[in-house]
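One structure is given below, encoded as structure tokens.
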Amino acid sequence: MRAAFFRCIREFFYNENFLEVDTPLRQPVSIPESTIIPVGSDGLYLQTSPELCMKRLLAAGCTNIFQICHCFRKEERGRLHLEEFQMLEWYRSGADYFQLMADCEHLLRYVLVQLQSAQSEQNLNPEQKLLKGISLQGKWHKLKVEDAFKQFSPVSLNRALTEDCFDEILVEYIEPFLGMDSPLFLYDYPVELASLARKKEGEETIAERFELYIKGVELANGFSELTDAVEQRVRFQAEIDKIRENYGHRISMPEKFLSDIDRLGSAAGIALGLDRLFMLVMDCPSVSAAVTFAEEDF
């Protein structure tokens with residue numbers, strides 16, 4: 001089933017005329033993100049995401065591209081986390097985050113239909129219902145971050161940002177209610193929580209970013225790309241300062257990336273955790289149970 005899962009994901013993007021690309025796993029620079037700790041590798045970094053390289057490919061003239069690759073993030077271990085995991089990323093030039101939401105709907109519906117067919121044809125766990133309890137039909141729900149805080153949080157969004165407890169409130173009070181019967185898009189994040197995303201036109205405090213949830217599990221993070229190198233440098237510097245303050249690490253500014261994004265034009269990109277999605281499809285108790293080998297298997 002895992003083999004069929006990866007095959008039909010690729011088939012979807014081939015059918016949509018996307019170009020499959022590959023980028024280095026080890027790179028001399030890492031995306032400056034204060035909430036993610038990269039894994040060192042002999043003076044380089046194992047990629048936390050192929051994002052920097054894939055955007056540079058867009059800037060070089062590619063249009064619609066995708067990649068399935070291994071990513072690495074230090075100290076991420078739990079029911080929904082592995083330090084090494086498989087990521088799907090895709091990018092569209094001339095698009096925004098709403099187009100990516102539509103892509104998610106089409107992709108998941110395609111994958112489920114193809115997996116059900118493979119399950120039947122190959123007699124693979126024939127009694128198991130795939131993505132049990134979730135309907136992919138009809139219109140998927142959309143919920144703004146501000147409205148989610150009003151509906152579920154014991155504190156306001158502004159207070160959560162001021163007291164630096166946004167993530168804790170999100171995980172404890174909001175996520176458990178998201179996407180419980182059908183997928184849900186949580187969207188329009190505060191700009192300070194979207195360092196690579198474009199600001200929403202006419203709303204300086206909001207970024208065009210969303211996350212996709214199923215059964216309270218965050219599956220994907222997508223946004224309209226920020227393509228202003230000057231503003232991106234300012235945001236990266238803020239992240240670098242946080243990293244130095246919190247961890248004592250010195251992270252280099254990704255200069256070649258910054259020199260390329262001025263040529264990017266409008267674009268949108270998204271990262272989707274494939275191991276988490278497969279975990280939900282197969283009703284596994286944890287992401288460790290959804291991969292071929294986890295650390296405890298050695």
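Residue numbering restarts at 1 in every chain; chains get A, B, ... in the order shown in the structure tokens, and ligands count up from 1 in that same order.
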Query - Selection: 12 Å around stretch 230-235 of chain A, only C-alpha atoms, excl. self and same-chain fewer than 6 positions, as a PyMOL selection string - result: chain A and resi 31-34+191-199+241-242+252-262
Convert the current residue selection to file output with N, CA and C atoms, as a PDB file, in the first residue's frame.
```
ATOM      1  N   ILE A  31      17.355  27.132   5.780  1.00  0.00           N
ATOM      2  CA  ILE A  31      16.332  28.165   5.892  1.00  0.00           C
ATOM      3  C   ILE A  31      16.338  28.714   7.315  1.00  0.00           C
ATOM      4  N   PRO A  32      16.488  30.020   7.499  1.00  0.00           N
ATOM      5  CA  PRO A  32      16.451  30.586   8.856  1.00  0.00           C
ATOM      6  C   PRO A  32      15.039  30.542   9.440  1.00  0.00           C
ATOM      7  N   GLU A  33      14.764  29.510  10.238  1.00  0.00           N
ATOM      8  CA  GLU A  33      13.470  29.363  10.904  1.00  0.00           C
ATOM      9  C   GLU A  33      13.727  29.052  12.372  1.00  0.00           C
ATOM     10  N   SER A  34      13.276  29.919  13.240  1.00  0.00           N
ATOM     11  CA  SER A  34      13.603  29.801  14.662  1.00  0.00           C
ATOM     12  C   SER A  34      12.936  28.620  15.337  1.00  0.00           C
ATOM     13  N   VAL A 191       1.335  37.798  10.141  1.00  0.00           N
ATOM     14  CA  VAL A 191       2.512  37.889   9.290  1.00  0.00           C
ATOM     15  C   VAL A 191       3.778  37.493  10.034  1.00  0.00           C
ATOM     16  N   GLU A 192       3.824  37.691  11.357  1.00  0.00           N
ATOM     17  CA  GLU A 192       5.027  37.328  12.107  1.00  0.00           C
ATOM     18  C   GLU A 192       5.207  35.823  12.215  1.00  0.00           C
ATOM     19  N   LEU A 193       4.185  35.040  11.812  1.00  0.00           N
ATOM     20  CA  LEU A 193       4.278  33.578  11.816  1.00  0.00           C
ATOM     21  C   LEU A 193       4.337  33.023  10.407  1.00  0.00           C
ATOM     22  N   ALA A 194       4.784  33.830   9.472  1.00  0.00           N
ATOM     23  CA  ALA A 194       4.840  33.393   8.071  1.00  0.00           C
ATOM     24  C   ALA A 194       5.995  34.118   7.382  1.00  0.00           C
ATOM     25  N   SER A 195       7.219  33.759   7.760  1.00  0.00           N
ATOM     26  CA  SER A 195       8.386  34.544   7.346  1.00  0.00           C
ATOM     27  C   SER A 195       8.658  34.490   5.843  1.00  0.00           C
ATOM     28  N   LEU A 196       8.101  33.500   5.142  1.00  0.00           N
ATOM     29  CA  LEU A 196       8.355  33.375   3.703  1.00  0.00           C
ATOM     30  C   LEU A 196       7.113  33.662   2.865  1.00  0.00           C
ATOM     31  N   ALA A 197       6.039  34.115   3.513  1.00  0.00           N
ATOM     32  CA  ALA A 197       4.773  34.306   2.811  1.00  0.00           C
ATOM     33  C   ALA A 197       4.499  35.775   2.501  1.00  0.00           C
ATOM     34  N   ARG A 198       3.764  35.988   1.434  1.00  0.00           N
ATOM     35  CA  ARG A 198       3.382  37.335   1.008  1.00  0.00           C
ATOM     36  C   ARG A 198       2.289  37.892   1.908  1.00  0.00           C
ATOM     37  N   LYS A 199       2.346  39.201   2.174  1.00  0.00           N
ATOM     38  CA  LYS A 199       1.277  39.854   2.931  1.00  0.00           C
ATOM     39  C   LYS A 199       0.005  39.907   2.092  1.00  0.00           C
ATOM     40  N   ASP A 241      18.243  36.207  14.388  1.00  0.00           N
ATOM     41  CA  ASP A 241      18.429  36.773  15.729  1.00  0.00           C
ATOM     42  C   ASP A 241      17.770  35.890  16.792  1.00  0.00           C
ATOM     43  N   LYS A 242      16.581  35.369  16.491  1.00  0.00           N
ATOM     44  CA  LYS A 242      15.899  34.484  17.437  1.00  0.00           C
ATOM     45  C   LYS A 242      16.684  33.198  17.638  1.00  0.00           C
ATOM     46  N   SER A 252      23.866  31.370   8.666  1.00  0.00           N
ATOM     47  CA  SER A 252      24.220  32.298   7.589  1.00  0.00           C
ATOM     48  C   SER A 252      22.990  32.747   6.813  1.00  0.00           C
ATOM     49  N   MET A 253      23.044  33.940   6.298  1.00  0.00           N
ATOM     50  CA  MET A 253      22.000  34.439   5.420  1.00  0.00           C
ATOM     51  C   MET A 253      22.121  33.730   4.066  1.00  0.00           C
ATOM     52  N   PRO A 254      21.019  33.186   3.515  1.00  0.00           N
ATOM     53  CA  PRO A 254      21.075  32.500   2.214  1.00  0.00           C
ATOM     54  C   PRO A 254      21.128  33.509   1.062  1.00  0.00           C
ATOM     55  N   GLU A 255      22.332  34.014   0.797  1.00  0.00           N
ATOM     56  CA  GLU A 255      22.506  35.135  -0.133  1.00  0.00           C
ATOM     57  C   GLU A 255      22.107  34.782  -1.566  1.00  0.00           C
ATOM     58  N   LYS A 256      22.478  33.601  -2.044  1.00  0.00           N
ATOM     59  CA  LYS A 256      22.144  33.251  -3.435  1.00  0.00           C
ATOM     60  C   LYS A 256      20.638  33.129  -3.629  1.00  0.00           C
ATOM     61  N   PHE A 257      19.960  32.624  -2.611  1.00  0.00           N
ATOM     62  CA  PHE A 257      18.497  32.568  -2.673  1.00  0.00           C
ATOM     63  C   PHE A 257      17.918  33.971  -2.769  1.00  0.00           C
ATOM     64  N   LEU A 258      18.409  34.887  -1.944  1.00  0.00           N
ATOM     65  CA  LEU A 258      17.898  36.256  -1.951  1.00  0.00           C
ATOM     66  C   LEU A 258      18.171  36.947  -3.281  1.00  0.00           C
ATOM     67  N   SER A 259      19.295  36.638  -3.894  1.00  0.00           N
ATOM     68  CA  SER A 259      19.602  37.263  -5.188  1.00  0.00           C
ATOM     69  C   SER A 259      18.709  36.725  -6.300  1.00  0.00           C
ATOM     70  N   ASP A 260      18.137  35.527  -6.092  1.00  0.00           N
ATOM     71  CA  ASP A 260      17.296  34.915  -7.124  1.00  0.00           C
ATOM     72  C   ASP A 260      15.828  35.313  -7.023  1.00  0.00           C
ATOM     73  N   ILE A 261      15.321  35.551  -5.799  1.00  0.00           N
ATOM     74  CA  ILE A 261      13.863  35.662  -5.685  1.00  0.00           C
ATOM     75  C   ILE A 261      13.297  36.929  -6.307  1.00  0.00           C
ATOM     76  N   ASP A 262      14.118  37.937  -6.541  1.00  0.00           N
ATOM     77  CA  ASP A 262      13.612  39.114  -7.246  1.00  0.00           C
ATOM     78  C   ASP A 262      13.159  38.765  -8.658  1.00  0.00           C
TER      79      ASP A 262
END
```
Please list as a PDB file with C-alpha atoms, in the first residue's frame every residue within 12 Å of A:Cys284, counting only C-alpha atoms and excluding residues in the same chain fewer than 3 positions away.
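And here's part.pdb as it stands now:
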```
ATOM      1  CA  ARG A  79       3.475  10.427  17.694  1.00  0.00           C
ATOM      2  CA  LEU A  80       3.399  12.847  14.760  1.00  0.00           C
ATOM      3  CA  GLN A 128      -9.616  -1.935   5.981  1.00  0.00           C
ATOM      4  CA  LYS A 129     -11.426   1.313   5.245  1.00  0.00           C
ATOM      5  CA  LEU A 130      -9.012   3.955   3.999  1.00  0.00           C
ATOM      6  CA  LEU A 131      -9.049   7.395   5.655  1.00  0.00           C
ATOM      7  CA  LYS A 132     -11.721   6.084   7.998  1.00  0.00           C
ATOM      8  CA  ASP A 275       4.280   9.933   6.275  1.00  0.00           C
ATOM      9  CA  ARG A 276       1.548  11.721   8.234  1.00  0.00           C
ATOM     10  CA  LEU A 277      -0.882  11.446   5.336  1.00  0.00           C
ATOM     11  CA  PHE A 278      -0.152   7.735   4.921  1.00  0.00           C
ATOM     12  CA  MET A 279      -0.585   7.297   8.687  1.00  0.00           C
ATOM     13  CA  LEU A 280      -4.093   8.780   8.450  1.00  0.00           C
ATOM     14  CA  VAL A 281      -5.007   6.857   5.303  1.00  0.00           C
ATOM     15  CA  VAL A 287       3.836   8.141  12.156  1.00  0.00           C
ATOM     16  CA  SER A 288       6.485   5.596  13.253  1.00  0.00           C
ATOM     17  CA  ALA A 289       4.021   2.829  12.399  1.00  0.00           C
ATOM     18  CA  ALA A 290       3.467   4.304   8.932  1.00  0.00           C
ATOM     19  CA  VAL A 291       7.102   4.189   7.738  1.00  0.00           C
TER      20      VAL A 291
END
```
Requested in this report: Skip A:Ser224 itself and residues of its chain fewer than 6 positions away, then list as a list of chain:residue names all residues within 8 Å of it, counting only C-alpha atoms.
Outcome: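 In the requested form, the answer reads A:Ala95, A:Asp96, A:Tyr97, A:Ala197, A:Arg198, A:Glu208, A:Arg209, A:Ser266, A:Ala267, A:Ala268, A:Gly269.
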Residue subset to file, keeping C-alpha atoms, as a CSV table (one decimal), in the first residue's frame:
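Saved to again35.csv:
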```csv
chain,number,residue,atom,x,y,z
A,95,ALA,CA,-0.5,31.3,-8.6
A,96,ASP,CA,-1.6,32.1,-5.0
A,97,TYR,CA,-2.5,30.1,-1.9
A,197,ALA,CA,4.8,34.3,2.8
A,198,ARG,CA,3.4,37.3,1.0
A,208,GLU,CA,-1.4,34.5,2.7
A,209,ARG,CA,-0.5,31.3,4.5
A,266,SER,CA,4.2,35.7,-8.4
A,267,ALA,CA,4.2,32.1,-7.2
A,268,ALA,CA,2.9,29.8,-4.5
A,269,GLY,CA,4.3,26.7,-2.8
```
**Report entry** Distance of atom CA of A:Glu83 from atom CA of A:Val111, expressed in Å to one decimal place
**Finding:**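 Going from atom CA of A:Val111 over to atom CA of A:Glu83, I get 25.5 Å.
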For stretch 44-57 of chain A, list every protein, DNA or RNA residue within 8 Å, evaluated using only C-alpha atoms, and leave out those in the same chain fewer than 6 positions away; present the list as a JSON list (two decimals) with N, CA and C atoms, in the first residue's frame.
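Output (part-v4.json):
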```
[["chain", "number", "residue", "atom", "x", "y", "z"],
["A", 23, "THR", "N", 16.88, 17.97, -5.66],
["A", 23, "THR", "CA", 17.82, 18.97, -5.14],
["A", 23, "THR", "C", 18.70, 18.30, -4.09],
["A", 24, "PRO", "N", 19.84, 18.90, -3.72],
["A", 24, "PRO", "CA", 20.77, 18.25, -2.79],
["A", 24, "PRO", "C", 20.18, 18.09, -1.39],
["A", 25, "LEU", "N", 20.46, 16.93, -0.78],
["A", 25, "LEU", "CA", 20.07, 16.72, 0.61],
["A", 25, "LEU", "C", 20.95, 17.52, 1.57],
["A", 26, "ARG", "N", 22.21, 17.69, 1.22],
["A", 26, "ARG", "CA", 23.16, 18.44, 2.05],
["A", 26, "ARG", "C", 23.42, 19.79, 1.39],
["A", 27, "GLN", "N", 23.32, 20.85, 2.18],
["A", 27, "GLN", "CA", 23.49, 22.19, 1.65],
["A", 27, "GLN", "C", 24.31, 23.04, 2.63],
["A", 28, "PRO", "N", 25.02, 24.03, 2.13],
["A", 28, "PRO", "CA", 25.84, 24.88, 3.02],
["A", 28, "PRO", "C", 25.03, 25.88, 3.83],
["A", 29, "VAL", "N", 23.78, 26.12, 3.45],
["A", 29, "VAL", "CA", 22.91, 27.03, 4.20],
["A", 29, "VAL", "C", 21.59, 26.33, 4.49],
["A", 30, "SER", "N", 20.92, 26.80, 5.53],
["A", 30, "SER", "CA", 19.62, 26.27, 5.90],
["A", 30, "SER", "C", 18.63, 27.43, 5.97],
["A", 31, "ILE", "N", 17.35, 27.13, 5.78],
["A", 31, "ILE", "CA", 16.33, 28.17, 5.89],
["A", 31, "ILE", "C", 16.34, 28.71, 7.31],
["A", 36, "ILE", "N", 12.71, 25.58, 13.92],
["A", 36, "ILE", "CA", 13.23, 24.33, 13.35],
["A", 36, "ILE", "C", 14.74, 24.28, 13.55],
["A", 38, "PRO", "N", 18.12, 22.49, 12.36],
["A", 38, "PRO", "CA", 18.66, 21.62, 11.31],
["A", 38, "PRO", "C", 19.66, 20.61, 11.86],
["A", 65, "ILE", "N", 6.47, 22.69, -10.59],
["A", 65, "ILE", "CA", 7.43, 21.67, -10.21],
["A", 65, "ILE", "C", 7.02, 20.98, -8.92],
["A", 69, "CYS", "N", 10.95, 14.00, -1.23],
["A", 69, "CYS", "CA", 12.32, 13.88, -0.73],
["A", 69, "CYS", "C", 12.34, 13.65, 0.77],
["A", 71, "CYS", "N", 13.59, 14.73, 4.43],
["A", 71, "CYS", "CA", 13.96, 15.95, 5.14],
["A", 71, "CYS", "C", 14.32, 15.58, 6.57],
["A", 72, "PHE", "N", 15.07, 16.48, 7.24],
["A", 72, "PHE", "CA", 15.63, 16.17, 8.55],
["A", 72, "PHE", "C", 15.46, 17.37, 9.47],
["A", 73, "ARG", "N", 14.94, 17.12, 10.67],
["A", 73, "ARG", "CA", 14.77, 18.19, 11.66],
["A", 73, "ARG", "C", 15.11, 17.64, 13.03],
["A", 87, "MET", "N", 8.83, 14.32, 2.58],
["A", 87, "MET", "CA", 8.07, 15.53, 2.28],
["A", 87, "MET", "C", 7.73, 15.58, 0.79],
["A", 89, "GLU", "N", 6.74, 18.50, -1.84],
["A", 89, "GLU", "CA", 6.60, 19.94, -2.06],
["A", 89, "GLU", "C", 6.26, 20.19, -3.52],
["A", 91, "TYR", "N", 5.24, 23.63, -6.35],
["A", 91, "TYR", "CA", 5.24, 25.08, -6.56],
["A", 91, "TYR", "C", 4.59, 25.38, -7.90],
["A", 257, "PHE", "N", 19.96, 32.62, -2.61],
["A", 257, "PHE", "CA", 18.50, 32.57, -2.67],
["A", 257, "PHE", "C", 17.92, 33.97, -2.77],
["A", 260, "ASP", "N", 18.14, 35.53, -6.09],
["A", 260, "ASP", "CA", 17.30, 34.91, -7.12],
["A", 260, "ASP", "C", 15.83, 35.31, -7.02],
["A", 261, "ILE", "N", 15.32, 35.55, -5.80],
["A", 261, "ILE", "CA", 13.86, 35.66, -5.68],
["A", 261, "ILE", "C", 13.30, 36.93, -6.31],
["A", 264, "LEU", "N", 11.61, 35.95, -9.34],
["A", 264, "LEU", "CA", 10.63, 34.88, -9.20],
["A", 264, "LEU", "C", 9.26, 35.22, -9.75]]
```
**Report entry** A:Leu178 environment, 8 Å, only C-alpha atoms, sequence neighbours closer than 5 positions dropped, as a ChimeraX atom specification
**Finding:** /A:183-184,213-217
Report summary line: Counting only C-alpha atoms, closest pick from A:Thr205, A:Leu157, A:Val145, A:Phe223 relative to A:Leu186 is A:Val145
Report task. Could you please write out, as a ChimeraX atom specification, every residue of stretch 202-271 of chain A that DSSP assigns to strand (DSSP E or B)? Result -> /A:203-214,217-225,267-271
Please save C-alpha atoms of the selected residues as a PDB file, in the first residue's frame.
```pdb
ATOM      1  CA  GLU A 203      -4.099  43.772   5.370  1.00  0.00           C
ATOM      2  CA  GLU A 204      -0.548  44.470   6.540  1.00  0.00           C
ATOM      3  CA  THR A 205      -0.788  42.186   9.589  1.00  0.00           C
ATOM      4  CA  ILE A 206      -1.980  39.100   7.664  1.00  0.00           C
ATOM      5  CA  ALA A 207       0.016  36.715   5.461  1.00  0.00           C
ATOM      6  CA  GLU A 208      -1.404  34.501   2.707  1.00  0.00           C
ATOM      7  CA  ARG A 209      -0.533  31.274   4.493  1.00  0.00           C
ATOM      8  CA  PHE A 210      -2.633  28.187   5.300  1.00  0.00           C
ATOM      9  CA  GLU A 211      -2.314  24.774   6.894  1.00  0.00           C
ATOM     10  CA  LEU A 212      -4.351  21.683   6.014  1.00  0.00           C
ATOM     11  CA  TYR A 213      -5.811  19.598   8.864  1.00  0.00           C
ATOM     12  CA  ILE A 214      -7.365  16.143   8.977  1.00  0.00           C
ATOM     13  CA  VAL A 217      -3.310  16.528  12.398  1.00  0.00           C
ATOM     14  CA  GLU A 218      -1.508  19.267  10.467  1.00  0.00           C
ATOM     15  CA  LEU A 219      -0.627  17.827   7.060  1.00  0.00           C
ATOM     16  CA  ALA A 220       0.488  20.708   4.883  1.00  0.00           C
ATOM     17  CA  ASN A 221       1.771  24.268   5.051  1.00  0.00           C
ATOM     18  CA  GLY A 222       1.311  26.442   1.977  1.00  0.00           C
ATOM     19  CA  PHE A 223       1.466  30.089   1.047  1.00  0.00           C
ATOM     20  CA  SER A 224       1.702  32.734  -1.626  1.00  0.00           C
ATOM     21  CA  GLU A 225       5.420  33.369  -1.936  1.00  0.00           C
ATOM     22  CA  ALA A 267       4.224  32.084  -7.175  1.00  0.00           C
ATOM     23  CA  ALA A 268       2.852  29.776  -4.507  1.00  0.00           C
ATOM     24  CA  GLY A 269       4.324  26.723  -2.810  1.00  0.00           C
ATOM     25  CA  ILE A 270       3.369  24.051  -0.318  1.00  0.00           C
ATOM     26  CA  ALA A 271       4.951  21.285   1.766  1.00  0.00           C
TER      27      ALA A 271
END
```
